[in-house]
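Enquirer: Below is protein.pdb; it holds PDB, C-alpha atoms and all ligand atoms.
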MODEL        1
ATOM      1  CA  MET A   1       0.490 -21.360   6.567
ATOM      2  CA  GLU A   2      -2.822 -22.537   8.058
ATOM      3  CA  GLU A   3      -5.139 -19.597   8.584
ATOM      4  CA  ALA A   4      -6.256 -20.973  11.962
ATOM      5  CA  LYS A   5      -2.703 -20.534  13.251
ATOM      6  CA  LEU A   6      -2.451 -16.837  12.357
ATOM      7  CA  LYS A   7      -2.234 -14.453  15.296
ATOM      8  CA  TYR A   8      -1.622 -11.064  13.662
ATOM      9  CA  ILE A   9      -2.861 -11.459  10.105
ATOM     10  CA  SER A  10      -6.185 -12.407   8.533
ATOM     11  CA  VAL A  11      -6.918 -13.354   4.938
ATOM     12  CA  GLU A  12     -10.228 -13.171   3.085
ATOM     13  CA  HIS A  13     -10.708 -14.332  -0.465
ATOM     14  CA  ASP A  14     -12.987 -12.410  -2.805
ATOM     15  CA  GLY A  15     -12.796 -14.154  -6.171
ATOM     16  CA  ALA A  16      -9.254 -13.744  -7.463
ATOM     17  CA  VAL A  17      -8.430 -11.037  -4.881
ATOM     18  CA  ALA A  18      -6.918 -11.910  -1.500
ATOM     19  CA  LEU A  19      -7.528  -9.294   1.199
ATOM     20  CA  VAL A  20      -4.722  -9.537   3.761
ATOM     21  CA  ARG A  21      -5.253  -7.554   6.946
ATOM     22  CA  ILE A  22      -2.789  -6.684   9.721
ATOM     23  CA  ARG A  23      -4.519  -7.117  13.088
ATOM     24  CA  ARG A  24      -2.641  -5.730  16.032
ATOM     25  CA  GLU A  25      -4.833  -2.723  16.519
ATOM     26  CA  ASP A  26      -4.175  -2.156  20.235
ATOM     27  CA  GLN A  27      -0.530  -1.413  19.335
ATOM     28  CA  LEU A  28      -1.401   0.500  16.137
ATOM     29  CA  ASN A  29      -0.237  -2.526  14.113
ATOM     30  CA  ALA A  30       3.379  -2.072  15.245
ATOM     31  CA  LEU A  31       5.383  -4.571  13.243
ATOM     32  CA  ASN A  32       6.957  -7.008  15.669
ATOM     33  CA  LEU A  33       9.118  -9.836  14.338
ATOM     34  CA  ALA A  34       6.425 -12.504  14.632
ATOM     35  CA  LEU A  35       3.919 -10.298  12.781
ATOM     36  CA  VAL A  36       6.274  -9.666   9.869
ATOM     37  CA  ASP A  37       7.140 -13.389   9.661
ATOM     38  CA  GLU A  38       3.422 -14.219   9.522
ATOM     39  CA  LEU A  39       2.790 -11.545   6.937
ATOM     40  CA  VAL A  40       5.558 -12.820   4.684
ATOM     41  CA  GLU A  41       4.300 -16.413   4.982
ATOM     42  CA  VAL A  42       0.775 -15.299   4.070
ATOM     43  CA  LEU A  43       1.904 -13.208   1.092
ATOM     44  CA  GLU A  44       4.012 -16.098  -0.213
ATOM     45  CA  ALA A  45       1.072 -18.501   0.232
ATOM     46  CA  CYS A  46      -1.072 -16.110  -1.852
ATOM     47  CA  ASP A  47       1.691 -15.984  -4.436
ATOM     48  CA  ARG A  48       1.675 -19.803  -4.703
ATOM     49  CA  ASP A  49      -2.131 -20.047  -4.867
ATOM     50  CA  ASP A  50      -3.296 -20.143  -8.513
ATOM     51  CA  ALA A  51      -6.751 -18.947  -7.470
ATOM     52  CA  VAL A  52      -5.252 -15.616  -6.286
ATOM     53  CA  ARG A  53      -4.315 -13.080  -8.932
ATOM     54  CA  CYS A  54      -3.980  -9.899  -6.915
ATOM     55  CA  ILE A  55      -3.399  -9.068  -3.230
ATOM     56  CA  VAL A  56      -4.737  -6.132  -1.200
ATOM     57  CA  LEU A  57      -2.834  -5.457   2.036
ATOM     58  CA  THR A  58      -4.503  -3.301   4.657
ATOM     59  CA  GLY A  59      -4.416  -2.434   8.352
ATOM     60  CA  GLY A  60      -6.982  -0.894  10.676
ATOM     61  CA  PRO A  61      -8.924   2.399  10.670
ATOM     62  CA  LYS A  62      -6.384   4.187  12.892
ATOM     63  CA  ALA A  63      -3.173   2.662  11.559
ATOM     64  CA  PHE A  64      -1.948   0.771   8.560
ATOM     65  CA  ALA A  65       1.144   0.214  10.739
ATOM     66  CA  ALA A  66       2.919   2.642  13.107
ATOM     67  CA  GLY A  67       6.356   1.190  12.441
ATOM     68  CA  ALA A  68       8.674  -1.495  13.700
ATOM     69  CA  ASP A  69       7.975  -2.481  17.298
ATOM     70  CA  ILE A  70       9.981  -0.015  19.406
ATOM     71  CA  GLY A  71       9.591  -2.175  22.510
ATOM     72  CA  GLU A  72      11.334  -5.043  20.737
ATOM     73  CA  MET A  73      14.193  -2.832  19.546
ATOM     74  CA  ALA A  74      14.775  -0.676  22.620
ATOM     75  CA  GLU A  75      17.344  -2.949  24.271
ATOM     76  CA  MET A  76      18.921  -4.303  21.104
ATOM     77  CA  THR A  77      22.634  -3.807  20.388
ATOM     78  CA  ALA A  78      24.238  -3.278  16.997
ATOM     79  CA  ILE A  79      25.686  -6.791  17.017
ATOM     80  CA  GLY A  80      22.341  -8.194  18.115
ATOM     81  CA  MET A  81      20.597  -6.390  15.245
ATOM     82  CA  LYS A  82      23.199  -7.538  12.741
ATOM     83  CA  LYS A  83      22.922 -11.167  13.874
ATOM     84  CA  LEU A  84      19.143 -11.009  13.811
ATOM     85  CA  GLY A  85      19.089  -9.449  10.341
ATOM     86  CA  GLN A  86      15.465  -8.523  10.907
ATOM     87  CA  PHE A  87      14.981  -6.819   7.550
ATOM     88  CA  ARG A  88      16.204  -9.765   5.434
ATOM     89  CA  VAL A  89      12.728 -11.237   5.517
ATOM     90  CA  TRP A  90      11.412  -8.043   3.876
ATOM     91  CA  ASP A  91      13.242  -9.006   0.674
ATOM     92  CA  ARG A  92      10.759 -11.863   0.412
ATOM     93  CA  ILE A  93       7.908  -9.344   0.157
ATOM     94  CA  ARG A  94       9.633  -7.826  -2.854
ATOM     95  CA  GLY A  95       9.955 -11.371  -4.207
ATOM     96  CA  VAL A  96       6.160 -11.792  -4.458
ATOM     97  CA  SER A  97       5.390 -11.969  -8.159
ATOM     98  CA  LYS A  98       1.701 -10.975  -7.974
ATOM     99  CA  PRO A  99       0.548  -7.362  -7.627
ATOM    100  CA  ILE A 100       0.179  -6.118  -4.049
ATOM    101  CA  LEU A 101      -1.967  -3.027  -3.451
ATOM    102  CA  ALA A 102      -1.682  -1.295  -0.084
ATOM    103  CA  ALA A 103      -4.950   0.184   1.241
ATOM    104  CA  VAL A 104      -3.786   2.689   3.856
ATOM    105  CA  ASN A 105      -5.908   4.426   6.496
ATOM    106  CA  GLY A 106      -4.338   6.279   9.431
ATOM    107  CA  PHE A 107      -0.680   6.025  10.372
ATOM    108  CA  ALA A 108       1.844   4.529   7.972
ATOM    109  CA  LEU A 109       5.006   5.432   9.842
ATOM    110  CA  GLY A 110       8.547   4.090   9.868
ATOM    111  CA  GLY A 111       8.444   0.417   8.904
ATOM    112  CA  GLY A 112       4.695   0.842   8.255
ATOM    113  CA  CYS A 113       5.412   3.457   5.615
ATOM    114  CA  GLU A 114       8.175   1.283   4.182
ATOM    115  CA  LEU A 115       5.774  -1.635   4.072
ATOM    116  CA  ALA A 116       3.248   0.440   2.092
ATOM    117  CA  MET A 117       5.986   1.551  -0.309
ATOM    118  CA  THR A 118       7.200  -2.042  -0.695
ATOM    119  CA  CYS A 119       3.728  -2.792  -2.089
ATOM    120  CA  ASP A 120       3.250  -2.016  -5.781
ATOM    121  CA  LEU A 121       0.455   0.573  -5.533
ATOM    122  CA  ILE A 122      -1.004   2.586  -2.666
ATOM    123  CA  ILE A 123      -4.630   3.616  -2.249
ATOM    124  CA  ALA A 124      -4.872   6.030   0.673
ATOM    125  CA  GLY A 125      -7.793   7.063   2.808
ATOM    126  CA  GLU A 126      -7.952  10.784   3.597
ATOM    127  CA  SER A 127      -6.745  10.098   7.159
ATOM    128  CA  ALA A 128      -3.525   8.427   5.983
ATOM    129  CA  ARG A 129      -0.263   9.908   7.269
ATOM    130  CA  PHE A 130       3.023   8.789   5.757
ATOM    131  CA  GLY A 131       6.368   9.442   7.365
ATOM    132  CA  GLN A 132       9.704   8.215   8.621
ATOM    133  CA  PRO A 133       9.987   9.290  12.277
ATOM    134  CA  GLU A 134      12.998   7.013  12.979
ATOM    135  CA  VAL A 135      15.304  10.027  13.266
ATOM    136  CA  LYS A 136      13.320  11.138  16.326
ATOM    137  CA  LEU A 137      14.296   7.832  17.969
ATOM    138  CA  GLY A 138      17.981   8.347  17.211
ATOM    139  CA  VAL A 139      18.049   5.971  14.260
ATOM    140  CA  MET A 140      17.095   5.953  10.582
ATOM    141  CA  PRO A 141      14.888   3.868   8.291
ATOM    142  CA  GLY A 142      16.049   0.281   7.921
ATOM    143  CA  ALA A 143      13.444  -1.343   5.673
ATOM    144  CA  GLY A 144      13.958   0.661   2.496
ATOM    145  CA  GLY A 145      12.806   4.175   3.427
ATOM    146  CA  THR A 146      15.891   6.022   2.172
ATOM    147  CA  GLN A 147      15.682   4.094  -1.106
ATOM    148  CA  TRP A 148      11.959   4.341  -1.885
ATOM    149  CA  TRP A 149      11.619   8.036  -0.997
ATOM    150  CA  THR A 150      14.747   9.068  -2.900
ATOM    151  CA  ARG A 151      13.772   7.125  -5.995
ATOM    152  CA  THR A 152      10.304   8.674  -5.957
ATOM    153  CA  LEU A 153      10.887  12.230  -4.726
ATOM    154  CA  GLY A 154      14.495  12.998  -5.583
ATOM    155  CA  LYS A 155      17.242  13.921  -3.141
ATOM    156  CA  ALA A 156      16.050  17.229  -1.658
ATOM    157  CA  ARG A 157      12.453  16.286  -0.796
ATOM    158  CA  ALA A 158      13.560  12.858   0.446
ATOM    159  CA  LEU A 159      16.170  14.363   2.784
ATOM    160  CA  GLU A 160      13.671  16.883   4.151
ATOM    161  CA  LEU A 161      11.224  14.131   5.016
ATOM    162  CA  LEU A 162      13.872  11.792   6.442
ATOM    163  CA  TRP A 163      15.695  14.499   8.421
ATOM    164  CA  THR A 164      12.622  16.139   9.965
ATOM    165  CA  GLY A 165      10.784  12.864  10.561
ATOM    166  CA  ASP A 166       7.532  14.795  10.132
ATOM    167  CA  PRO A 167       4.639  12.976   8.441
ATOM    168  CA  ILE A 168       2.844  14.119   5.300
ATOM    169  CA  THR A 169      -0.861  13.901   4.524
ATOM    170  CA  ALA A 170      -2.463  11.528   2.034
ATOM    171  CA  GLU A 171      -3.072  14.452  -0.315
ATOM    172  CA  GLU A 172       0.592  15.513  -0.222
ATOM    173  CA  ALA A 173       1.736  11.919  -0.691
ATOM    174  CA  TRP A 174      -0.468  11.794  -3.784
ATOM    175  CA  ARG A 175       1.009  15.059  -5.111
ATOM    176  CA  LEU A 176       4.514  13.698  -4.536
ATOM    177  CA  GLY A 177       3.689  10.529  -6.420
ATOM    178  CA  ILE A 178       3.913   7.810  -3.771
ATOM    179  CA  VAL A 179       0.139   7.309  -3.638
ATOM    180  CA  ASN A 180      -2.035   6.298  -6.605
ATOM    181  CA  LYS A 181      -5.348   7.601  -5.307
ATOM    182  CA  VAL A 182      -6.841   9.316  -2.262
ATOM    183  CA  VAL A 183     -10.391   8.389  -1.273
ATOM    184  CA  PRO A 184     -12.648   8.791   1.794
ATOM    185  CA  ASP A 185     -11.503   6.368   4.503
ATOM    186  CA  ASP A 186     -14.518   4.098   4.220
ATOM    187  CA  ARG A 187     -13.854   3.705   0.468
ATOM    188  CA  CYS A 188     -10.179   2.820   0.868
ATOM    189  CA  VAL A 189     -10.429  -0.991   0.968
ATOM    190  CA  PRO A 190     -13.355  -1.138  -1.517
ATOM    191  CA  GLU A 191     -11.474   1.071  -4.035
ATOM    192  CA  ALA A 192      -8.281  -0.965  -3.641
ATOM    193  CA  THR A 193     -10.270  -4.183  -4.061
ATOM    194  CA  GLU A 194     -11.995  -2.766  -7.126
ATOM    195  CA  MET A 195      -8.649  -1.848  -8.709
ATOM    196  CA  ALA A 196      -7.269  -5.280  -7.737
ATOM    197  CA  ARG A 197     -10.256  -6.961  -9.440
ATOM    198  CA  ARG A 198      -9.567  -4.997 -12.625
ATOM    199  CA  ILE A 199      -5.914  -6.046 -12.593
ATOM    200  CA  ALA A 200      -6.952  -9.638 -11.803
ATOM    201  CA  GLU A 201      -8.954  -9.754 -15.034
ATOM    202  CA  ARG A 202      -5.781  -9.170 -17.051
ATOM    203  CA  PRO A 203      -3.533 -12.047 -18.168
ATOM    204  CA  PRO A 204      -1.520 -13.070 -15.079
ATOM    205  CA  MET A 205       1.764 -13.805 -16.845
ATOM    206  CA  ALA A 206       1.761 -10.403 -18.549
ATOM    207  CA  ILE A 207       0.972  -8.723 -15.194
ATOM    208  CA  ARG A 208       3.810 -10.622 -13.540
ATOM    209  CA  LEU A 209       6.384  -9.827 -16.216
ATOM    210  CA  ILE A 210       5.379  -6.147 -16.310
ATOM    211  CA  LYS A 211       6.086  -6.039 -12.555
ATOM    212  CA  GLU A 212       9.459  -7.679 -13.110
ATOM    213  CA  ALA A 213      10.400  -5.214 -15.873
ATOM    214  CA  VAL A 214       9.288  -2.128 -13.908
ATOM    215  CA  TYR A 215      11.344  -3.054 -10.837
ATOM    216  CA  GLN A 216      14.283  -3.780 -13.102
ATOM    217  CA  ALA A 217      13.952  -0.203 -14.375
ATOM    218  CA  LEU A 218      14.669   1.032 -10.848
ATOM    219  CA  ASP A 219      18.116  -0.460 -10.660
ATOM    220  CA  THR A 220      19.613  -0.937 -14.061
ATOM    221  CA  THR A 221      20.831   1.073 -17.027
ATOM    222  CA  LEU A 222      18.334   2.138 -19.695
ATOM    223  CA  GLN A 223      19.866  -0.212 -22.270
ATOM    224  CA  ASP A 224      19.884  -3.243 -19.932
ATOM    225  CA  GLY A 225      16.312  -2.429 -18.943
ATOM    226  CA  MET A 226      15.245  -2.186 -22.580
ATOM    227  CA  GLU A 227      16.782  -5.570 -23.352
ATOM    228  CA  ALA A 228      15.243  -7.208 -20.299
ATOM    229  CA  GLU A 229      11.846  -5.787 -21.259
ATOM    230  CA  ARG A 230      12.157  -7.043 -24.827
ATOM    231  CA  ASN A 231      12.962 -10.581 -23.670
ATOM    232  CA  LEU A 232      10.043 -10.609 -21.241
ATOM    233  CA  PHE A 233       7.816  -9.359 -24.068
ATOM    234  CA  TYR A 234       8.984 -12.197 -26.351
ATOM    235  CA  LEU A 235       8.410 -14.687 -23.520
ATOM    236  CA  LEU A 236       4.726 -13.771 -23.349
ATOM    237  CA  PHE A 237       4.336 -15.115 -26.893
ATOM    238  CA  ALA A 238       4.676 -18.575 -25.310
ATOM    239  CA  THR A 239       1.397 -18.096 -23.386
ATOM    240  CA  GLU A 240      -2.099 -19.134 -24.396
ATOM    241  CA  ASP A 241      -3.341 -15.879 -22.883
ATOM    242  CA  LYS A 242      -1.424 -14.010 -25.601
ATOM    243  CA  SER A 243      -3.212 -16.048 -28.305
ATOM    244  CA  GLU A 244      -6.537 -15.545 -26.537
ATOM    245  CA  GLY A 245      -5.994 -11.782 -26.067
ATOM    246  CA  MET A 246      -5.086 -11.120 -29.672
ATOM    247  CA  ARG A 247      -7.717 -13.499 -31.091
ATOM    248  CA  ALA A 248     -10.415 -11.896 -28.939
ATOM    249  CA  PHE A 249      -9.438  -8.457 -30.234
ATOM    250  CA  LEU A 250      -9.688  -9.615 -33.855
ATOM    251  CA  GLU A 251     -12.988 -11.419 -33.186
ATOM    252  CA  LYS A 252     -14.328  -8.316 -31.378
ATOM    253  CA  ARG A 253     -15.147 -10.158 -28.123
ATOM    254  CA  ARG A 254     -14.030  -9.970 -24.506
ATOM    255  CA  PRO A 255     -10.968 -12.132 -23.735
ATOM    256  CA  SER A 256     -10.964 -14.723 -21.000
ATOM    257  CA  PHE A 257      -7.513 -15.134 -19.493
ATOM    258  CA  ARG A 258      -6.538 -18.367 -17.733
ATOM    259  CA  GLY A 259      -3.044 -17.634 -16.473
ATOM    260  CA  PHE A 260      -0.854 -19.711 -18.784
TER     261      PHE A 260
HETATM  262  N1  LIG A 301       6.156   0.236  18.413
HETATM  263  C1  LIG A 301       5.591  -0.241  19.538
HETATM  264  N2  LIG A 301       4.422   0.192  20.038
HETATM  265  C2  LIG A 301       3.798   1.179  19.368
HETATM  266  C3  LIG A 301       4.320   1.748  18.182
HETATM  267  C4  LIG A 301       5.561   1.222  17.699
HETATM  268  N3  LIG A 301       6.131   1.653  16.562
HETATM  269  N4  LIG A 301       3.489   2.718  17.761
HETATM  270  C5  LIG A 301       2.453   2.746  18.619
HETATM  271  N5  LIG A 301       2.634   1.829  19.600
HETATM  272  C6  LIG A 301       1.761   1.530  20.743
HETATM  273  C7  LIG A 301       1.911   2.570  21.863
HETATM  274  O1  LIG A 301       3.022   2.264  22.676
HETATM  275  C8  LIG A 301       0.591   2.401  22.577
HETATM  276  O2  LIG A 301       0.640   1.246  23.368
HETATM  277  P1  LIG A 301       0.017   1.244  24.878
HETATM  278  O3  LIG A 301      -1.433   1.560  24.686
HETATM  279  O4  LIG A 301       0.269  -0.159  25.337
HETATM  280  O5  LIG A 301       0.738   2.308  25.637
HETATM  281  C9  LIG A 301      -0.399   2.109  21.454
HETATM  282  O6  LIG A 301       0.393   1.646  20.344
HETATM  283  C10 LIG A 301      -1.163   3.344  20.985
HETATM  284  O7  LIG A 301      -0.220   4.354  20.669
HETATM  285  P2  LIG A 301      -0.293   5.868  21.242
HETATM  286  O8  LIG A 301      -0.946   5.873  22.581
HETATM  287  O9  LIG A 301       1.082   6.459  21.147
HETATM  288  O10 LIG A 301      -1.286   6.520  20.177
HETATM  289  P3  LIG A 301      -1.362   8.065  19.735
HETATM  290  O11 LIG A 301      -2.571   8.174  18.890
HETATM  291  O12 LIG A 301      -1.209   8.974  20.907
HETATM  292  O13 LIG A 301      -0.057   8.298  18.805
HETATM  293  C11 LIG A 301       1.515   7.720  17.050
HETATM  294  C12 LIG A 301       0.058   7.626  17.591
HETATM  295  C13 LIG A 301       1.826   9.185  16.689
HETATM  296  C14 LIG A 301       1.596   6.847  15.811
HETATM  297  C15 LIG A 301       2.494   7.248  18.151
HETATM  298  O14 LIG A 301       2.055   5.972  18.638
HETATM  299  C16 LIG A 301       3.910   7.068  17.670
HETATM  300  O15 LIG A 301       4.623   8.036  17.522
HETATM  301  N6  LIG A 301       4.326   5.799  17.418
HETATM  302  C17 LIG A 301       5.696   5.486  17.010
HETATM  303  C18 LIG A 301       5.924   5.796  15.544
HETATM  304  C19 LIG A 301       7.382   5.522  15.198
HETATM  305  O16 LIG A 301       8.299   6.120  15.739
HETATM  306  N7  LIG A 301       7.585   4.589  14.256
HETATM  307  C20 LIG A 301       8.933   4.215  13.775
HETATM  308  C21 LIG A 301       9.419   2.982  14.487
HETATM  309  S1  LIG A 301      11.094   2.564  14.085
HETATM  310  C22 LIG A 301      11.019   1.802  12.599
HETATM  311  O17 LIG A 301       9.965   1.638  12.019
HETATM  312  C23 LIG A 301      12.333   1.327  12.021
HETATM  313  C24 LIG A 301      12.253   0.855  10.599
HETATM  314  O18 LIG A 301      12.762   1.496   9.691
HETATM  315  C25 LIG A 301      11.621  -0.415  10.272
ENDMDL
END
Will you turn the file into structure tokens for me?

Expert:
Amino acid sequence: MEEAKLKYISVEHDGAVALVRIRREDQLNALNLALVDELVEVLEACDRDDAVRCIVLTGGPKAFAAGADIGEMAEMTAIGMKKLGQFRVWDRIRGVSKPILAAVNGFALGGGCELAMTCDLIIAGESARFGQPEVKLGVMPGAGGTQWWTRTLGKARALELLWTGDPITAEEAWRLGIVNKVVPDDRCVPEATEMARRIAERPPMAIRLIKEAVYQALDTTLQDGMEAERNLFYLLFATEDKSEGMRAFLEKRRPSFRGF
């Protein structure tokens, strides 16, 4: 997608890191359909671009995203929602093979929280608030909230959060294990970018297959997961980066990975 045509999303390139920003600040980055479509197109374009090795997704200082756009949903019927299938496009975010780090300041609520959890890692500013307030609107999460929270927190804590709809702080989210790191707000994007740069220095195929194996661990048996991991491990022996990585270790020098 041509960057000039983007209305809600901007992209900046910093070496091998793409910084993708949601820009609908007057509505606290509420995720309307057009915004999510744009976001998915941009993430897929980054995934196709060989110059990009890692993606940082962020919002604004007050909100990463305050949820799906309530105005758009208010008059929708069940049949209308089913026909629209508005969350199908979210599967394409999970299909992105490169690492996505969410840099979250302010509200990450409802779909905004689900979007952060759909990313691979989360760096949170101290102001970040994570929660699933859908229940207060008479509905429930629809973009993965019941799945991500339960897999991370276990049944009891997940139900408490989903039933009360009350948000938790960045610090609590870190203690519960959904956030990798909490930093002062003004350090949120720089820290995420710094971590992304470190990951971008690693061999891209190994990074990609590690991601594949970890997500497989979330929905398979231990034995199937072990076998899948093994095969992905063997596959990496077909890459030049594997030869370079091991040779560099033996020659006591820094490796230079090229992505194949
Ligand atoms: N949808 C549409 N508009 C939204 C929005 C949303 N999710 N969240 C905020 N906005 C808009 C407000 O309507 C307001 O617009 P106007 O200035 O045009 O009136 C603007 O953003 C600023 O918001 P507030 O004035 O409410 O700001 P605040 O600081 O007083 O409160 C807030 C902030 C607590 C986040 C509050 O805006 C809020 O509760 N937002 C809704 C959060 C929510 O319920 N999210 C879940 C949505 S459903 C969902 O996400 C389903 C799913 O699983 C995908």

Enquirer: Give me the result of the PyMOL selection byres (((chain A and resi 119-123) around 8) and not hetatm) on this file, residue by residue, as an MDAnalysis selection string.

Expert: chainID A and resid 94 99:104 115:118 124:125 178:183 188 191:192

Enquirer: Around ligand LIG 301 (chain A), out to 7 Å and counting all atoms listed in the file, which residues are there? I want them as a list of chain:residue names.

Expert: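 Checking all atoms listed in the file against ligand LIG 301 (chain A) at 7 Å gives A:Asp26, A:Gln27, A:Leu28, A:Ala30, A:Ala66, A:Gly67, A:Ala68, A:Asp69, A:Ile70, A:Gly71, A:Phe107, A:Leu109, A:Gly110, A:Gly111, A:Gly112, A:Gln132, A:Pro133, A:Glu134, A:Leu137, A:Met140, A:Pro141, A:Gly142, A:Ala143, A:Gly145.
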
Enquirer: Here is a test: counting only C-alpha atoms, which residue of A:Phe260, A:Phe64, A:Trp148, A:Trp174 is nearest to A:Thr239?

Expert: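 Among A:Phe260, A:Phe64, A:Trp148, A:Trp174, it is A:Phe260 that comes nearest to A:Thr239.
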
Enquirer: Quick one: distance from atom CA of A:Val36 to atom CA of A:Ser10 in Å, one decimal?

Expert: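 For atom CA of A:Val36 relative to atom CA of A:Ser10, the distance reads 12.8 Å.
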
Enquirer: Between A:Leu31, A:Val96, A:Leu19, A:Ala238, single out the one closest to A:Ala63, counting only C-alpha atoms.

Expert: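 Checking each of A:Leu31, A:Val96, A:Leu19, A:Ala238 against A:Ala63, counting only C-alpha atoms, the winner is A:Leu31.
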
Enquirer: Could you give me, as a PyMOL selection string, the residues that sit within 10 Å of (10.6, -10.1, 15.2) in the file's coordinates, counting all atoms listed in the file?

Expert: chain A and resi 31-37+68-69+72-73+84-87+89

Enquirer: Between A:Ile207, A:Ala156, A:Val214, A:Ile55, which is the closest to A:Thr193 once you count all atoms listed in the file?

Expert: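 Residue with the minimum atom-to-atom distance to A:Thr193: A:Ile55.
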
Enquirer: Can you tell me how far atom CA of A:Gly138 sits from atom CA of A:Ile168, in Å to one decimal?

Expert: 20.1 Å

Enquirer: Could you work out how far atom CA of A:Val135 lies from atom CA of A:Pro167, giving the answer in Å with one decimal?

Expert: 12.1 Å

Enquirer: Just want the 12 Å neighbourhood of A:Ala228, counted on all atoms listed in the file, with same-chain residues fewer than 4 positions away dropped. Output as a list in words.

Expert: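 Listed by chain and then number, they are Leu209, Ile210, Glu212, Ala213, Val214, Tyr215, Gln216, Ala217, Thr220, Thr221, Leu222, Gln223, Asp224, Leu232, Phe233, Tyr234 and Leu235 of chain A.
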